[in-house]
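Written out below as structure tokens is the structure these notes cover.
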Amino acid sequence: MLRWTGSLSRRDHKTWPCGHANCPNTEVPWPDVCQACTRKFCHDHIARHGCAVMRTASGRWRCADQGDPDRLLVEEVQSLDNNSVALMNHQTMSQVGCKSGDTILLKGGGKETVAIALQDESVSRGRIQMNAVLRRNAAVDAGDALQIQSLPNCPWGRRVTVRPSRAPAADQAGLKAWYQQYFADALRPVHKGDIFSKPAAPGMPAIDFIVTDVDPPDYCIVAPDTRVALAQLSGEQGVTKNQDVRGRQQREAAKQQQREAAAQRQQREAAAQRQQREAAAQRQQREAVERQQREAAERQQREVEFDAEVANHYTAAAEQEQREAAERSRREAAEQEQREAAERWERQVAQMASDAEMAARLQAGLDAEAEAEASVSRQQGDSEHPDCILTPQPQMPQMPPQQSPGFGSDVLCCYCLDRPATAGVLHMDSVHKILCRDCAVVLKEQRLADCPVCRKKIECFVMRVF
């Protein structure tokens, strides 16, 4: 069914992907070309999965993955009285491969019939319109799918036999005249098993006629020279009715099976969709649980990190506070020692000043008493010996002045008030001998800046003062 069309060169080394959707072959060096759609297919795909191109009922080629162009949807038409005519537009006729006036074979729900295709542009594409008689002969209803096959070589009939569905009340001659007029000059195609109706007339009810035999077999066209015979009823009236009932029941059973198959297919599709929805819901639930677990783990990790950071912060703050407290205590102790040393020095200086003042007052009193005694002595000598010559009295040696406390060799250290002062502080051109050697070393390490006596800036510490 597939053959080389000559559109590709055997010497061309270019490759093409297979045109079938399910074929994994993407590099086909010598593909086969579809005669219907001109697409390229690989031979392996055709060998494994079946032919990609198939022949339709009308003998044309088409692609298997395309829709079936020979199946049309049936539409009801009320204004069509001809029982042998089916209406289609020109596009639908081109699709099924027929022309206006051609004979076509209609395959419906278990039955076949023939009709004449006529063009009518009011009919939609892919649709076919038939009256109730033709739909009954094809065993379809409005909305059913109908398969169409063109019959370009439909034979002319030699003999057609019809039979009424029940015993008529009128004579046979009247019925024969009616169906002969029904077929006269109409060129009606008929199929074995077709039913056509004689409408009711005054004094005669409606009667259905069944085509019981056709020569040549199955279907033909009733020509002017075709002999149409009326068959006699062989048995009771109910036999034909029972046959019609059985045929109707069979058609209804076939339609019921189709409906059940469609319902089962819908149920399977619904079950598959429900399973897909359930699988999607379960997948979403699993993803939500995993997301919650990840979020909980991340939140717990953040909390642990935050707690560790807070603990480190408080630990660092406590250590900083401890360092600051130790530094503050050290500064307060140093300041307290400096204040105590200054107080001791101030007390020592005050004591030295008081002692010096007391010594000065004492010396002034002694000088005043000595001068008073000398003046008294001079006055007495002058009064007793007025003529004597005053001779100078030898002066008595005076006692050396007492050294003021704090400036002699007995001065104590102003810092410890325990050891004698042997060291001092130098500033400008003077030295204050006020410290012992140990206290001088300590104050030098503490970098004492100002002199405790005069508050001048200390230049250096003198460890031994003579």
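Each chain of the structure tokens is named A, B, ... in the order shown, its residues numbered from 1; ligands are numbered from 1 in display order.
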
With a distance cut-off of 8 Å and only C-alpha atoms, select the neighbouring residues of stretch 76-89 of chain A, excluding the residue or stretch itself and same-chain residues fewer than 2 positions from it, and output the selection as a PyMOL selection string. chain A and resi 74+91-93+114-125+127-134+142+188-189+196

Would you give me, as a PyMOL selection string, the residues in stretch 107-306 of chain A that DSSP reads as strand (DSSP E)? chain A and resi 107+112-119+127-130+145-150+159-164+189-191+195-198+207-215+219-221+227-230

Generate a file of the selected residues that holds N, CA and C atoms, formatted as a compact mmCIF listing (two decimals), in the first residue's frame.
# COMPACT_ATOMS: atom_id res chain seq x y z
N LYS A 107 -24.55 2.45 4.95
CA LYS A 107 -24.40 1.39 5.94
C LYS A 107 -24.62 1.99 7.32
N GLU A 112 -28.24 -2.16 5.40
CA GLU A 112 -27.74 -1.41 4.26
C GLU A 112 -28.91 -1.03 3.38
N THR A 113 -28.73 0.10 2.72
CA THR A 113 -29.71 0.53 1.73
C THR A 113 -28.99 1.38 0.70
N VAL A 114 -29.66 1.70 -0.38
CA VAL A 114 -29.07 2.50 -1.45
C VAL A 114 -29.94 3.73 -1.65
N ALA A 115 -29.31 4.80 -2.15
CA ALA A 115 -30.03 6.05 -2.38
C ALA A 115 -29.31 6.82 -3.48
N ILE A 116 -29.94 7.92 -3.88
CA ILE A 116 -29.38 8.82 -4.89
C ILE A 116 -28.85 10.05 -4.17
N ALA A 117 -27.58 10.40 -4.39
CA ALA A 117 -26.97 11.58 -3.78
C ALA A 117 -27.31 12.81 -4.57
N LEU A 118 -27.89 13.82 -3.91
CA LEU A 118 -28.22 15.11 -4.53
C LEU A 118 -27.50 16.22 -3.77
N GLN A 119 -27.09 17.23 -4.51
CA GLN A 119 -26.33 18.33 -3.92
C GLN A 119 -27.29 19.37 -3.34
N ARG A 127 -22.29 16.25 7.01
CA ARG A 127 -23.65 15.84 7.38
C ARG A 127 -24.38 15.35 6.14
N ILE A 128 -25.42 14.52 6.39
CA ILE A 128 -26.26 14.00 5.32
C ILE A 128 -27.70 14.03 5.82
N GLN A 129 -28.61 14.48 4.95
CA GLN A 129 -30.03 14.61 5.32
C GLN A 129 -30.84 13.55 4.57
N MET A 130 -31.71 12.86 5.33
CA MET A 130 -32.58 11.82 4.78
C MET A 130 -33.93 11.91 5.47
N ALA A 145 -24.01 8.00 13.22
CA ALA A 145 -22.99 8.02 12.18
C ALA A 145 -23.36 7.02 11.09
N LEU A 146 -23.15 7.43 9.86
CA LEU A 146 -23.52 6.61 8.70
C LEU A 146 -22.32 6.52 7.78
N GLN A 147 -22.01 5.31 7.32
CA GLN A 147 -20.89 5.11 6.41
C GLN A 147 -21.40 5.15 4.98
N ILE A 148 -20.69 5.87 4.13
CA ILE A 148 -21.09 6.10 2.74
C ILE A 148 -20.10 5.42 1.82
N GLN A 149 -20.61 4.79 0.76
CA GLN A 149 -19.76 4.19 -0.27
C GLN A 149 -20.38 4.49 -1.64
N SER A 150 -19.57 5.05 -2.50
CA SER A 150 -20.08 5.38 -3.84
C SER A 150 -20.22 4.11 -4.67
N ARG A 159 -35.44 -7.85 -12.25
CA ARG A 159 -36.70 -8.23 -11.60
C ARG A 159 -36.61 -7.82 -10.13
N VAL A 160 -37.69 -7.21 -9.62
CA VAL A 160 -37.81 -6.79 -8.22
C VAL A 160 -39.14 -7.31 -7.72
N THR A 161 -39.09 -7.95 -6.54
CA THR A 161 -40.30 -8.49 -5.93
C THR A 161 -40.59 -7.73 -4.65
N VAL A 162 -41.84 -7.25 -4.53
CA VAL A 162 -42.28 -6.54 -3.34
C VAL A 162 -43.45 -7.28 -2.73
N ARG A 163 -43.65 -7.05 -1.41
CA ARG A 163 -44.73 -7.72 -0.70
C ARG A 163 -45.30 -6.77 0.32
N PRO A 164 -46.65 -6.70 0.39
CA PRO A 164 -47.24 -5.85 1.43
C PRO A 164 -47.01 -6.45 2.81
N PRO A 189 -33.15 3.49 -6.90
CA PRO A 189 -32.33 2.36 -6.45
C PRO A 189 -33.00 1.67 -5.27
N VAL A 190 -33.00 0.34 -5.25
CA VAL A 190 -33.63 -0.40 -4.16
C VAL A 190 -32.63 -1.44 -3.66
N HIS A 191 -32.79 -1.80 -2.40
CA HIS A 191 -31.95 -2.81 -1.76
C HIS A 191 -32.86 -3.86 -1.16
N ILE A 195 -38.04 -0.90 2.80
CA ILE A 195 -39.48 -0.74 3.07
C ILE A 195 -39.88 0.63 2.55
N PHE A 196 -40.97 0.66 1.79
CA PHE A 196 -41.55 1.94 1.36
C PHE A 196 -43.04 1.88 1.65
N SER A 197 -43.66 3.01 1.88
CA SER A 197 -45.04 3.07 2.38
C SER A 197 -45.95 3.70 1.34
N LYS A 198 -47.13 3.13 1.28
CA LYS A 198 -48.20 3.74 0.50
C LYS A 198 -49.03 4.56 1.46
N ILE A 207 -50.19 1.34 3.88
CA ILE A 207 -49.65 -0.01 3.78
C ILE A 207 -48.15 0.10 3.50
N ASP A 208 -47.33 -0.71 4.18
CA ASP A 208 -45.89 -0.78 3.94
C ASP A 208 -45.60 -1.93 2.99
N PHE A 209 -44.68 -1.66 2.04
CA PHE A 209 -44.22 -2.68 1.10
C PHE A 209 -42.76 -3.01 1.40
N ILE A 210 -42.41 -4.28 1.37
CA ILE A 210 -41.07 -4.76 1.65
C ILE A 210 -40.50 -5.36 0.38
N VAL A 211 -39.24 -4.95 0.04
CA VAL A 211 -38.55 -5.52 -1.12
C VAL A 211 -37.99 -6.86 -0.68
N THR A 212 -38.55 -7.93 -1.17
CA THR A 212 -38.16 -9.27 -0.74
C THR A 212 -37.10 -9.91 -1.63
N ASP A 213 -37.01 -9.50 -2.89
CA ASP A 213 -36.05 -10.13 -3.78
C ASP A 213 -35.64 -9.12 -4.84
N VAL A 214 -34.32 -9.18 -5.20
CA VAL A 214 -33.77 -8.27 -6.21
C VAL A 214 -32.89 -9.10 -7.13
N ASP A 215 -33.02 -8.84 -8.41
CA ASP A 215 -32.20 -9.51 -9.41
C ASP A 215 -31.64 -8.43 -10.35
N TYR A 219 -28.83 -5.26 -4.51
CA TYR A 219 -29.32 -3.92 -4.85
C TYR A 219 -29.23 -3.73 -6.35
N CYS A 220 -30.09 -2.78 -6.85
CA CYS A 220 -30.12 -2.45 -8.27
C CYS A 220 -30.90 -1.17 -8.45
N ILE A 221 -30.96 -0.72 -9.71
CA ILE A 221 -31.75 0.46 -10.07
C ILE A 221 -32.97 -0.03 -10.86
N ARG A 227 -38.93 -5.63 -14.32
CA ARG A 227 -40.22 -6.23 -13.97
C ARG A 227 -40.40 -6.18 -12.47
N VAL A 228 -41.45 -5.52 -12.00
CA VAL A 228 -41.78 -5.40 -10.58
C VAL A 228 -42.97 -6.30 -10.31
N ALA A 229 -42.78 -7.28 -9.45
CA ALA A 229 -43.84 -8.27 -9.16
C ALA A 229 -44.29 -8.11 -7.73
N LEU A 230 -45.55 -8.47 -7.49
CA LEU A 230 -46.15 -8.41 -6.16
C LEU A 230 -46.26 -9.83 -5.63

Shortest contact to A:Thr422, candidates A:Val462, A:Ala281, A:Ala186, A:Ala342, atoms counted only C-alpha atoms, goes to A:Val462

Write down as a PyMOL selection string the residues belonging to stretch 135-348 of chain A that are assigned alpha helix (DSSP H) by DSSP computed on the backbone. chain A and resi 135-138+172-183+237-348

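Interatomic distance, atom CA of A:Ala334 to atom CA of A:Ala350: 23.8 Å.
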